[in-house]
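For reference, run18.txt is printed below; it contains compact mmCIF, C-alpha atoms.
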```
# COMPACT_ATOMS: atom_id res chain seq x y z
CA GLY A 88 -1.79 1.52 224.93
CA SER A 89 -0.39 0.46 228.30
CA PRO A 90 -0.92 2.73 231.33
CA LEU A 91 1.62 5.46 231.89
CA PRO A 92 4.15 4.63 234.63
CA ARG A 93 3.61 6.25 238.01
CA VAL A 94 6.66 8.22 239.07
CA PRO A 95 7.19 10.56 242.03
CA GLY A 96 6.03 14.03 241.05
CA GLY A 97 4.87 12.71 237.70
CA TRP A 98 1.43 14.29 237.86
CA ARG A 99 2.85 17.72 238.79
CA ALA A 100 5.32 17.42 235.93
CA GLY A 101 2.47 16.48 233.64
CA GLU A 102 0.48 19.55 234.68
CA LEU A 103 3.48 21.77 233.97
CA ALA A 104 3.91 20.19 230.54
CA VAL A 105 0.25 20.79 229.74
CA ARG A 106 0.60 24.49 230.48
CA LEU A 107 3.82 24.91 228.52
CA LEU A 108 3.19 22.78 225.44
CA GLY A 109 0.88 24.42 222.93
CA PRO A 110 -0.22 21.18 221.22
CA LEU A 111 -1.77 20.02 224.50
CA HIS A 112 -4.13 23.00 224.41
CA ARG A 113 -6.18 21.18 221.76
CA VAL A 114 -6.05 17.40 222.00
CA GLY A 115 -8.41 14.99 220.28
CA ILE A 116 -10.00 12.48 222.65
CA ARG A 117 -11.18 9.32 220.92
CA VAL A 118 -14.51 7.73 221.80
CA ALA A 119 -15.27 4.39 220.12
CA ASP A 120 -15.74 5.06 216.38
CA TRP A 121 -16.75 8.71 216.87
CA ASP A 122 -15.07 11.78 215.49
CA PRO A 123 -12.66 13.07 218.16
CA VAL A 124 -13.77 15.51 220.84
CA TYR A 125 -11.08 18.16 221.26
CA VAL A 126 -10.23 19.28 224.80
CA ASP A 127 -7.83 21.73 226.37
CA LEU A 128 -5.83 19.76 228.94
CA ARG A 129 -5.22 22.95 230.93
CA ILE A 130 -8.95 22.85 231.67
CA SER A 131 -10.01 19.22 231.52
CA GLY A 132 -7.02 17.59 233.19
CA GLY A 133 -4.61 15.02 231.79
CA GLU A 134 -6.58 11.97 232.94
CA CYS A 135 -8.80 12.12 229.85
CA LEU A 136 -5.72 11.84 227.63
CA VAL A 137 -4.32 8.90 229.61
CA GLN A 138 -7.65 7.04 229.42
CA SER A 139 -8.34 7.69 225.72
CA PRO A 140 -9.67 5.95 223.67
CA PHE A 141 -12.95 5.53 225.55
CA ALA A 142 -15.40 2.74 224.78
CA ALA A 143 -18.28 5.17 225.44
CA LEU A 144 -18.67 8.87 226.10
CA PRO A 145 -17.04 9.63 229.48
CA HIS A 146 -19.07 12.77 230.23
CA GLU A 147 -22.25 12.38 232.33
CA PRO A 148 -23.14 8.83 231.18
CA LEU A 149 -26.59 8.83 232.83
CA MET A 150 -27.53 11.99 230.93
CA GLN A 151 -26.15 10.54 227.71
CA ALA A 152 -28.36 7.48 228.18
CA ARG A 153 -31.40 9.69 228.75
CA PHE A 154 -30.70 11.75 225.64
CA THR A 155 -30.42 8.56 223.60
CA ARG A 156 -34.04 7.80 224.51
CA LEU A 157 -35.31 11.35 223.91
CA VAL A 158 -33.70 12.47 220.65
CA ASN A 159 -34.96 10.99 217.39
CA PRO A 160 -33.70 11.19 213.80
CA GLY A 161 -34.78 14.48 212.24
CA ASP A 162 -35.13 16.32 215.57
CA THR A 163 -33.92 19.85 216.22
CA VAL A 164 -31.96 20.00 219.48
CA PHE A 165 -30.77 23.07 221.39
CA ASP A 166 -27.65 22.46 223.53
CA VAL A 167 -27.41 25.42 225.90
CA GLY A 168 -24.08 25.40 227.73
CA VAL A 169 -21.85 23.30 225.50
CA SER A 170 -18.49 23.14 227.30
CA PHE A 171 -16.29 20.84 225.15
CA GLY A 172 -19.24 19.55 223.12
CA TYR A 173 -19.73 15.96 224.33
CA HIS A 174 -23.51 16.35 224.36
CA SER A 175 -23.58 18.23 221.05
CA MET A 176 -21.68 15.39 219.42
CA LEU A 177 -24.18 12.87 220.76
CA PHE A 178 -27.13 15.02 219.64
CA SER A 179 -25.60 15.30 216.17
CA ARG A 180 -25.44 11.54 215.79
CA LEU A 181 -28.93 10.96 217.22
CA ALA A 182 -30.62 13.67 215.12
CA GLY A 183 -28.81 12.47 212.00
CA PRO A 184 -28.41 14.23 208.66
CA THR A 185 -32.08 15.31 208.58
CA GLY A 186 -31.90 16.86 212.05
CA GLU A 187 -29.95 19.79 213.40
CA VAL A 188 -28.24 20.88 216.59
CA LYS A 189 -27.97 24.49 217.76
CA SER A 190 -25.17 24.80 220.34
CA PHE A 191 -24.90 27.87 222.58
CA GLU A 192 -21.66 28.74 224.40
CA PRO A 193 -20.52 32.24 225.48
CA ASN A 194 -17.10 31.23 226.89
CA ALA A 195 -14.47 32.21 224.31
CA ALA A 196 -11.80 30.12 226.09
CA LEU A 197 -13.57 27.00 224.80
CA TYR A 198 -13.93 28.09 221.17
CA PRO A 199 -10.65 26.75 219.71
CA CYS A 200 -11.49 23.22 220.85
CA LEU A 201 -15.20 23.54 220.12
CA GLN A 202 -14.58 24.72 216.58
CA SER A 203 -12.37 21.69 215.89
CA THR A 204 -14.93 19.33 217.40
CA LEU A 205 -18.10 20.71 215.84
CA ALA A 206 -16.57 21.35 212.40
CA GLN A 207 -16.73 17.58 211.91
CA ARG A 208 -20.52 17.58 212.28
CA PRO A 209 -22.29 19.47 209.45
CA ASN A 210 -25.65 19.42 211.25
CA VAL A 211 -24.29 21.41 214.25
CA THR A 212 -24.16 25.23 214.42
CA LEU A 213 -22.27 27.04 217.21
CA HIS A 214 -23.85 30.25 218.53
CA ARG A 215 -21.39 32.31 220.57
CA VAL A 216 -23.92 33.88 222.92
CA ALA A 217 -25.31 33.44 226.40
CA LEU A 218 -29.03 32.75 226.56
CA GLY A 219 -30.90 34.57 229.29
CA ASP A 220 -33.78 36.87 230.17
CA ASP A 221 -32.52 40.04 228.45
CA THR A 222 -30.80 41.28 225.30
CA GLY A 223 -27.44 43.06 225.28
CA THR A 224 -24.17 42.32 227.00
CA ILE A 225 -23.58 40.49 230.27
CA SER A 226 -20.62 39.55 232.46
CA LEU A 227 -19.39 35.97 232.36
CA PHE A 228 -17.38 34.89 235.42
CA VAL A 229 -14.66 32.41 234.52
CA PRO A 230 -12.90 30.44 237.31
CA ALA A 231 -9.69 28.43 236.90
CA ASP A 232 -11.77 25.59 235.49
CA SER A 233 -13.26 27.67 232.70
CA SER A 234 -15.71 24.93 231.78
CA MET A 235 -17.57 26.08 234.95
CA ALA A 236 -17.99 29.67 233.72
CA SER A 237 -21.34 31.27 234.52
CA VAL A 238 -23.13 34.61 234.47
CA LEU A 239 -23.39 34.00 238.23
CA ASP A 240 -20.24 34.53 240.31
CA TRP A 241 -20.95 31.58 242.58
CA THR A 242 -17.83 29.42 242.89
CA GLY A 243 -16.13 31.29 245.75
CA GLU A 244 -12.92 31.10 243.74
CA PRO A 245 -11.02 33.90 242.02
CA THR A 246 -12.59 34.56 238.62
CA ARG A 247 -11.86 36.72 235.63
CA GLU A 248 -14.77 38.66 234.25
CA ILE A 249 -15.38 38.85 230.53
CA VAL A 250 -18.20 40.49 228.61
CA CYS A 251 -20.31 38.42 226.22
CA ASP A 252 -23.48 38.87 224.21
CA GLN A 253 -26.79 37.73 225.67
CA ARG A 254 -30.02 36.95 223.80
CA ARG A 255 -33.51 35.70 224.66
CA LEU A 256 -34.62 32.45 223.05
CA ASP A 257 -38.08 33.86 222.34
CA ASP A 258 -36.55 36.72 220.35
CA LEU A 259 -34.35 34.38 218.30
CA LEU A 260 -37.39 32.28 217.43
CA LEU A 261 -39.57 35.27 216.56
CA ASP A 262 -37.01 36.87 214.23
CA GLY A 263 -36.38 33.60 212.41
CA THR A 264 -32.78 33.16 213.60
CA LEU A 265 -33.68 29.77 215.09
CA PRO A 266 -36.19 27.02 214.30
CA ARG A 267 -38.41 25.66 217.04
CA PRO A 268 -36.63 22.85 218.94
CA ASP A 269 -37.89 19.39 219.75
CA VAL A 270 -35.47 18.95 222.67
CA LEU A 271 -33.92 21.68 224.86
CA LYS A 272 -30.96 20.82 227.10
CA VAL A 273 -29.80 23.56 229.51
CA ASP A 274 -26.68 23.37 231.70
CA VAL A 275 -25.50 26.88 232.57
CA GLU A 276 -24.19 26.57 236.12
CA GLY A 277 -27.17 27.89 238.06
CA ALA A 278 -28.55 30.40 235.54
CA GLU A 279 -31.07 27.98 234.05
CA ALA A 280 -34.06 29.98 235.36
CA ARG A 281 -32.86 33.00 233.38
CA VAL A 282 -32.76 30.94 230.19
CA PHE A 283 -36.33 29.78 230.82
CA ALA A 284 -37.51 33.33 231.60
CA GLY A 285 -36.27 34.38 228.17
CA ALA A 286 -38.06 31.44 226.55
CA ARG A 287 -41.44 31.73 228.26
CA GLY A 288 -43.36 32.05 225.01
CA MET A 289 -41.75 28.94 223.56
CA LEU A 290 -42.23 26.93 226.75
CA ASP A 291 -45.90 27.92 227.11
CA ALA A 292 -46.75 26.91 223.54
CA ASP A 293 -48.62 23.73 222.64
CA ASP A 294 -45.53 22.52 220.73
CA ALA A 295 -43.11 23.21 223.58
CA PRO A 296 -39.94 21.08 223.48
CA ILE A 297 -38.88 18.36 225.85
CA VAL A 298 -36.69 20.11 228.43
CA VAL A 299 -33.74 18.57 230.29
CA PHE A 300 -31.76 20.82 232.63
CA GLU A 301 -29.23 20.69 235.41
CA GLU A 302 -30.06 22.03 238.85
CA LEU A 303 -27.22 22.79 241.24
CA ALA A 304 -28.26 23.98 244.69
CA VAL A 305 -25.28 26.26 245.39
CA PRO A 306 -25.24 28.35 242.19
CA ALA A 307 -29.05 28.46 242.09
CA ARG A 308 -28.95 30.52 245.31
CA TYR A 309 -27.16 33.24 243.37
CA ALA A 310 -29.73 33.36 240.58
CA GLY A 311 -31.80 35.99 242.32
```

Rewrite the coordinates I just gave you, this time as structure tokens.
Amino acid sequence: GSPLPRVPGGWRAGELAVRLLGPLHRVGIRVADWDPVYVDLRISGGECLVQSPFAALPHEPLMQARFTRLVNPGDTVFDVGVSFGYHSMLFSRLAGPTGEVKSFEPNAALYPCLQSTLAQRPNVTLHRVALGDDTGTISLFVPADSSMASVLDWTGEPTREIVCDQRRLDDLLLDGTLPRPDVLKVDVEGAEARVFAGARGMLDADDAPIVVFEELAVPARYAG
């Protein structure tokens, strides 16, 4: 469609509408011929709705291009830190019906949208846990942009603290809960080292997966 008209105060009015109108809490964003990715406009911002449909995935295009080269049909992919599921949707298509995607996300605020997105992809399973270096419960610090939630309270912004389950990847592999992955993607806002510490056995093995992870200097200083 044509661009929305720019009016004085229009963006502020749009933000208010997003917060008040329930249907905008779960909006399908169209990408080419893909199944829609559902987002909460209170979190993602209204620009993604204005710009939809997208010709290609709008989230981290350089990473998407790298994953396209790394993931093959039939692969098992672990997506650790899913957010709204853009990467999980790409992994699902690349791995195909003979592959599978295990998606890990502890932030309950994202579940309504994630469930709608991933339900369209039968080869994707959502695991509602944080992966780390211990088993039990752990605090998740959720800022205003809850897609930036982390077990590290690093943003310098006010956060709300919620309790979530934490598991070690090695334990989930040993007890048969998970298959061994071919590709491991980790994006957990500075706590990546904790994920790797809980997966040392898997990563030291001869059949260790290809690993792609995000490194952010500021949150990494809080990893301790």

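In terms of minimum interatomic distance to Pro184 in chain A, A:Arg208 ranks closest within A:Arg117, A:Arg287, A:His112, A:Arg208, counting all atoms listed in the file.
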
Handout entry: Best match for closeness to Val158 in chain A among A:Phe191, A:Phe283, A:Phe300, A:Phe178, counting only C-alpha atoms
Key = A:Phe178

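Reported to one decimal place, the separation of CA of Ser203 in chain A from CA of Val275 in chain A is 21.9 Å.
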
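A straight line drawn from CA of Arg113 in chain A to CA of Arg153 in chain A is 28.6 Å long.
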
Fill in the blank from the handout: Across A:Leu197, A:Ala286, A:Ala142, A:Ala278, the smallest distance to Ser233 in chain A, with all atoms listed in the file counted, is shown by A:Leu197
